[in-house]
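First the structure, in the form of structure tokens, and then the observations on it.
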Protein chains: 2
Amino acid sequence: MREVAVIGVGMNRWGELWEKSLRDIFVEAALEGIQDAGVDRIDSMYVGCMSSGLFVHQEHLGSLLADYLGVSPIPCTRVESACASGGAAVRAAFIEVASGLSDIVLAGGVEKMTDVSVDGATFALSTAADQEYEVYQGVTFPGLYAMMARAHMERYGTTRRQLACVAVKNHKHGSMNPLAQFPGQITVEQVINSVMVADPLTILDCSPITDGAAAVVLCSLDKAKEFSKKPPIKIIGSGQATDSIALHSRDDFTFLKATWKAAETAFKMASKKPSDIHLAEVHDCFTIAELIALESLGLVEKGEAGRATENGMTTIGGKIPVNTSGGLKSKGHPVGATGVAQIVEIAKQLRGEAGKRQVKGAKTGLAQNMGGSGGSTVVHILEVA
Amino acid sequence: MREVAVIGVGMNRWGELWEKSLRDIFVEAALEGIQDAGVDRIDSMYVGCMSSGLFVHQEHLGSLLADYLGVSPIPCTRVESACASGGAAVRAAFIEVASGLSDIVLAGGVEKMTDVSVDGATFALSTAADQEYEVYQGVTFPGLYAMMARAHMERYGTTRRQLACVAVKNHKHGSMNPLAQFPGQITVEQVINSVMVADPLTILDCSPITDGAAAVVLCSLDKAKEFSKKPPIKIIGSGQATDSIALHSRDDFTFLKATWKAAETAFKMASKKPSDIHLAEVHDCFTIAELIALESLGLVEKGEAGRATENGMTTIGGKIPVNTSGGLKSKGHPVGATGVAQIVEIAKQLRGEAGKRQVKGAKTGLAQNMGGSGGSTVVHILEVA
């Protein structure tokens, strides 16, 4: 397999983009990625998108987006793994470049979520859970993650305040990200006293509904220097894994087996261990998700992520800054774009382009992108080449 | 890139499978493919599916199907390219094996289309066209293909009878396929006199709405002999391409640019030319689609496919038998499964396992799988190893 590097990144300002359609926001991010990479062509493209069918009644995104980006007749395929669709797109592009089939592959992600009602969005998102055994019984994602939170609190003594600290920290980071949907800072008290969604999770424990897109351009490392003048960021590890889609089929609500397995694969490919990681973007769709993800990745000891967050270990300036972009919580969560945007953030940090939120001396970063209640996960490890 | 072979194939009887859910029909086909391959593990999986979100309100098929097949925690990703989703899944699996990342990868395809009303299915299928510029104006796929048929008749003198001959031929072939949804034979007069859908296309020019699944197991050629006792069928060419999603943006309604480009790529990789092909499965979603596909692939001269079909060139026993499985027309068209089932048919033919419909002496076969009105196409060329 050939070595693969990120040579270009693009992302637009995320939010409620009512004046733009799915194709508009994708093309914006993709063009920025292509320009940043300094390439005059792409050989192939993957698009991560969870449910353009339910959100905007448009499937066949490969054809649509290659067409509107002006790159037809190149191959373009949409990949889907619920909220891990973006990570899956990056992985597909990584494999295609590594195989030698293509030299320059764009991995994009997009979701246009605000063209339906809030009920419509909740319904579309629920299709990431088991329809027959979970959703038909009335459970939606806040309920599933609330059960995980309760189990974690019960087993490890994680507190309500510690959950809130995840949100506070991510909004603090997001306040330094000009592309974030909700860059406003919040307090622990505001999180705890906000509207209850699914006990113990309040509205400020939940990531928002977002329109947005992101893109990365991957290139074989040996050819990377022909194009971008910026330092190529190598993808040194890629892992993907699945778990039961339904929460009730799992042995343990306080651990994400797919995240653990995907990380194990990625660490092995990268010849790295968790203590080698300088910063991470993890899938904080709910505050509890970040805590369990950190423990399942091995970045924090089992049961300790709540205390570690409260103590500042995961804040910029701490031992391992997590979600320096603001995470899903503050930056926003256009589901198919999220996994790609994680790679955008890691690449910007490793290039030293992260502005006010720059992590000093960061050389190795990790991105963890998760679908549903953890039924799928994609993990990438990146390093300055 | 490593050489890749098909070592196992599986497919269930297609039809209106009301007593089974999407997960049931996928698992049936996948288990048959795994058993046929003689493997005791798969390393990774891809699932082609167009719109499980709109058809059965279930996304996140990678997690769902790995779970129900009992193969978690292996990576599993759904890929989508409308009706070419199955071909895209085979191509993704091909690239992953070729890259060296995995040795044994299952590519499956599935669609459960009969859990919604006919209107619901028409709506879901319409999401393969351009929502903003085609569907909102009221056009659906029979209308789009009817325009292509009219243009082909006008330019090349293709007759109504020649269109009907495609359907008659494919039902003749399908009558020898025990897995076909509509194995009954039909006559030219029946096709022409059946209910009008979009002039000149009647209901018997159109492929049906189908529930079904198919699976192929791919393996690196050097390891293939460790497993299956059957002859490995090499994938010697893989091409994929896009075109404008909307028909009105094309230069020519009588030619499929994405099919031409995908075929060019696949022929080049395979070091073959059209005259080397002994049989083909092509995307006959409507009778006119088969004619234009054959011309765009270079298997028949431009404008000649109607006459060639009428003269028996594409019937079993003719110069190049096309859609020996019955094609989408008779075998059925569960959209995400179709491209995988094409590979199943070619592999069975090249192994000499096609029973009554066996093409004698077939060594090299081609599969062409198309999304929408031709906005995406995947072409594979296979050969006895």
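By convention here, the chains of the structure tokens are called A, B, ... in the order presented, each chain's residues are numbered starting at 1, and ligands are numbered starting at 1 in the order presented.
Residues in contact range of Ile192 (chain B), defined as at most 9 Å between only C-alpha atoms, with sequence neighbours fewer than 6 positions away removed, read Arg160, Arg161, Ala164, Pro200, Leu201, Thr202, Leu204 and Asp205 of chain B.
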message: Set the distance at 10 Å and use only C-alpha atoms: which residues neighbour Ala89 (chain A) once local chain neighbours fewer than 4 positions away are removed? I'd like the list as an NGL selection string.
response: (:A and (45-49 or 77-81 or 84-85 or 93-95 or 106-109 or 215-216 or 336-337 or 339-340 or 378)) or (:B and (77 or 79))
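The list of residues with at least one atom within 9 Å of Met1 (chain B), based on only C-alpha atoms and without residues fewer than 6 positions apart in the same chain, reads Met1, Ser99, Gly100 and Leu101 of chain A; Ile95, Val97, Ala98, Ser99 and Gly100 of chain B.
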As a check of understanding: the span from CA of Lys273 (chain A) to CA of Leu221 (chain A) is 22.8 Å
Polymer residues at most 6 Å from Pro232 (chain A), only C-alpha atoms, same-chain spacing of 2 or more positions, as number ranges by chain: A: 5-7, 385
Open item on the list: I'd like the contact shell of Gly303 (chain B) - 9 Å cut-off, only C-alpha atoms, skipping same-chain residues fewer than 5 positions apart - returned as an NGL selection string.
Closed with: :B and (152 or 155-158 or 254 or 291-292 or 295)
Just write the chosen residues, N, CA and C atoms, as an mmCIF file, in the first residue's frame.
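File part_17.cif, as written:
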data_model
loop_
_atom_site.group_PDB
_atom_site.id
_atom_site.type_symbol
_atom_site.label_atom_id
_atom_site.label_comp_id
_atom_site.auth_asym_id
_atom_site.auth_seq_id
_atom_site.Cartn_x
_atom_site.Cartn_y
_atom_site.Cartn_z
ATOM 1 N N HIS B 152 -33.800 8.283 -29.905
ATOM 2 C CA HIS B 152 -33.125 7.173 -30.574
ATOM 3 C C HIS B 152 -33.926 6.725 -31.800
ATOM 4 N N ARG B 155 -33.449 9.508 -34.479
ATOM 5 C CA ARG B 155 -32.134 9.607 -35.110
ATOM 6 C C ARG B 155 -31.743 8.362 -35.885
ATOM 7 N N TYR B 156 -32.044 7.193 -35.316
ATOM 8 C CA TYR B 156 -31.511 5.954 -35.891
ATOM 9 C C TYR B 156 -32.576 5.051 -36.532
ATOM 10 N N GLY B 157 -33.810 5.483 -36.474
ATOM 11 C CA GLY B 157 -34.849 4.644 -37.066
ATOM 12 C C GLY B 157 -35.197 3.414 -36.249
ATOM 13 N N THR B 158 -34.802 3.435 -34.974
ATOM 14 C CA THR B 158 -35.171 2.335 -34.074
ATOM 15 C C THR B 158 -36.697 2.255 -33.999
ATOM 16 N N THR B 254 -29.050 10.106 -26.922
ATOM 17 C CA THR B 254 -28.991 8.750 -27.476
ATOM 18 C C THR B 254 -27.663 8.069 -27.164
ATOM 19 N N LEU B 291 -30.584 -0.884 -25.203
ATOM 20 C CA LEU B 291 -30.080 -0.544 -26.550
ATOM 21 C C LEU B 291 -28.985 0.519 -26.477
ATOM 22 N N ILE B 292 -29.257 1.581 -25.728
ATOM 23 C CA ILE B 292 -28.262 2.671 -25.667
ATOM 24 C C ILE B 292 -27.018 2.210 -24.908
ATOM 25 N N GLU B 295 -24.730 0.241 -27.223
ATOM 26 C CA GLU B 295 -24.010 1.114 -28.159
ATOM 27 C C GLU B 295 -22.919 1.910 -27.442
#
Skip Leu299 (chain B) itself and residues of its chain fewer than 3 positions away, then list as a VMD selection string all residues within 12 Å of it, counting only C-alpha atoms. chain B and resid 259 to 260 263 to 264 267 273 to 282 290 to 296 302 to 305 308 to 309 313 to 314 319 to 322 365 to 368
Take the selection from the previous step and output its residues with C-alpha atoms, as an mmCIF file, in the first residue's frame.
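again31.cif, written as the output of this step:
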data_model
loop_
_atom_site.group_PDB
_atom_site.id
_atom_site.type_symbol
_atom_site.label_atom_id
_atom_site.label_comp_id
_atom_site.auth_asym_id
_atom_site.auth_seq_id
_atom_site.Cartn_x
_atom_site.Cartn_y
_atom_site.Cartn_z
ATOM 1 C CA THR B 259 -21.175 4.256 -19.616
ATOM 2 C CA TRP B 260 -18.755 4.963 -22.437
ATOM 3 C CA ALA B 263 -16.178 1.050 -20.197
ATOM 4 C CA GLU B 264 -13.124 2.772 -21.645
ATOM 5 C CA PHE B 267 -11.315 -2.129 -21.123
ATOM 6 C CA LYS B 273 -11.663 -4.589 -26.505
ATOM 7 C CA PRO B 274 -15.424 -4.937 -27.003
ATOM 8 C CA SER B 275 -15.011 -7.787 -29.480
ATOM 9 C CA ASP B 276 -13.311 -9.859 -26.765
ATOM 10 C CA ILE B 277 -16.512 -9.968 -24.684
ATOM 11 C CA HIS B 278 -18.483 -13.238 -24.829
ATOM 12 C CA LEU B 279 -21.529 -12.135 -22.824
ATOM 13 C CA ALA B 280 -22.783 -9.082 -20.984
ATOM 14 C CA GLU B 281 -25.224 -8.091 -18.292
ATOM 15 C CA VAL B 282 -26.383 -4.546 -18.975
ATOM 16 C CA GLU B 290 -30.351 -1.789 -22.970
ATOM 17 C CA LEU B 291 -30.080 -0.544 -26.550
ATOM 18 C CA ILE B 292 -28.262 2.671 -25.667
ATOM 19 C CA ALA B 293 -26.046 0.868 -23.159
ATOM 20 C CA LEU B 294 -24.937 -1.684 -25.767
ATOM 21 C CA GLU B 295 -24.010 1.114 -28.159
ATOM 22 C CA SER B 296 -22.236 3.184 -25.495
ATOM 23 C CA LYS B 302 -24.075 3.282 -32.741
ATOM 24 C CA GLY B 303 -27.684 3.175 -33.849
ATOM 25 C CA GLU B 304 -27.603 -0.568 -34.560
ATOM 26 C CA ALA B 305 -28.692 -2.068 -31.240
ATOM 27 C CA ALA B 308 -29.149 -6.315 -33.637
ATOM 28 C CA THR B 309 -31.650 -7.249 -30.936
ATOM 29 C CA MET B 313 -27.523 -11.110 -31.934
ATOM 30 C CA THR B 314 -28.037 -10.595 -28.177
ATOM 31 C CA LYS B 319 -23.051 -13.471 -31.276
ATOM 32 C CA ILE B 320 -23.063 -11.781 -27.865
ATOM 33 C CA PRO B 321 -25.766 -12.899 -25.442
ATOM 34 C CA VAL B 322 -26.973 -9.999 -23.281
ATOM 35 C CA GLY B 365 -17.936 -11.288 -19.502
ATOM 36 C CA LEU B 366 -18.902 -7.695 -18.854
ATOM 37 C CA ALA B 367 -21.349 -6.086 -16.415
ATOM 38 C CA GLN B 368 -22.699 -2.547 -16.814
#
Exercise. What's the 7 Å shell around Met11 (chain A), counting only C-alpha atoms, without same-chain residues fewer than 4 positions away, as a ChimeraX atom specification?
Worked result: /A:29,213-215
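When CA of Ala362 (chain B) is paired with CA of Glu301 (chain B), their separation reads 21.7 Å.
Nearest residue to chain B, choosing from A:Ser117, A:Gln162, A:Thr122, A:Ser51 and counting only C-alpha atoms: A:Ser51.
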Taking the DSSP secondary structure from the backbone, can you list the residues of region 58-118 of chain B that are alpha helix (DSSP H), as a PyMOL selection string?
chain B and resi 61-69+85-99+118
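The closest residue to chain A, picked from B:Ala30, B:Met196, B:Ala258, B:Leu22 and counting only C-alpha atoms, is B:Ala258.
Computed from the coordinates, the CA of Leu64 (chain B) to CA of Val110 (chain B) distance equals 12.6 Å.
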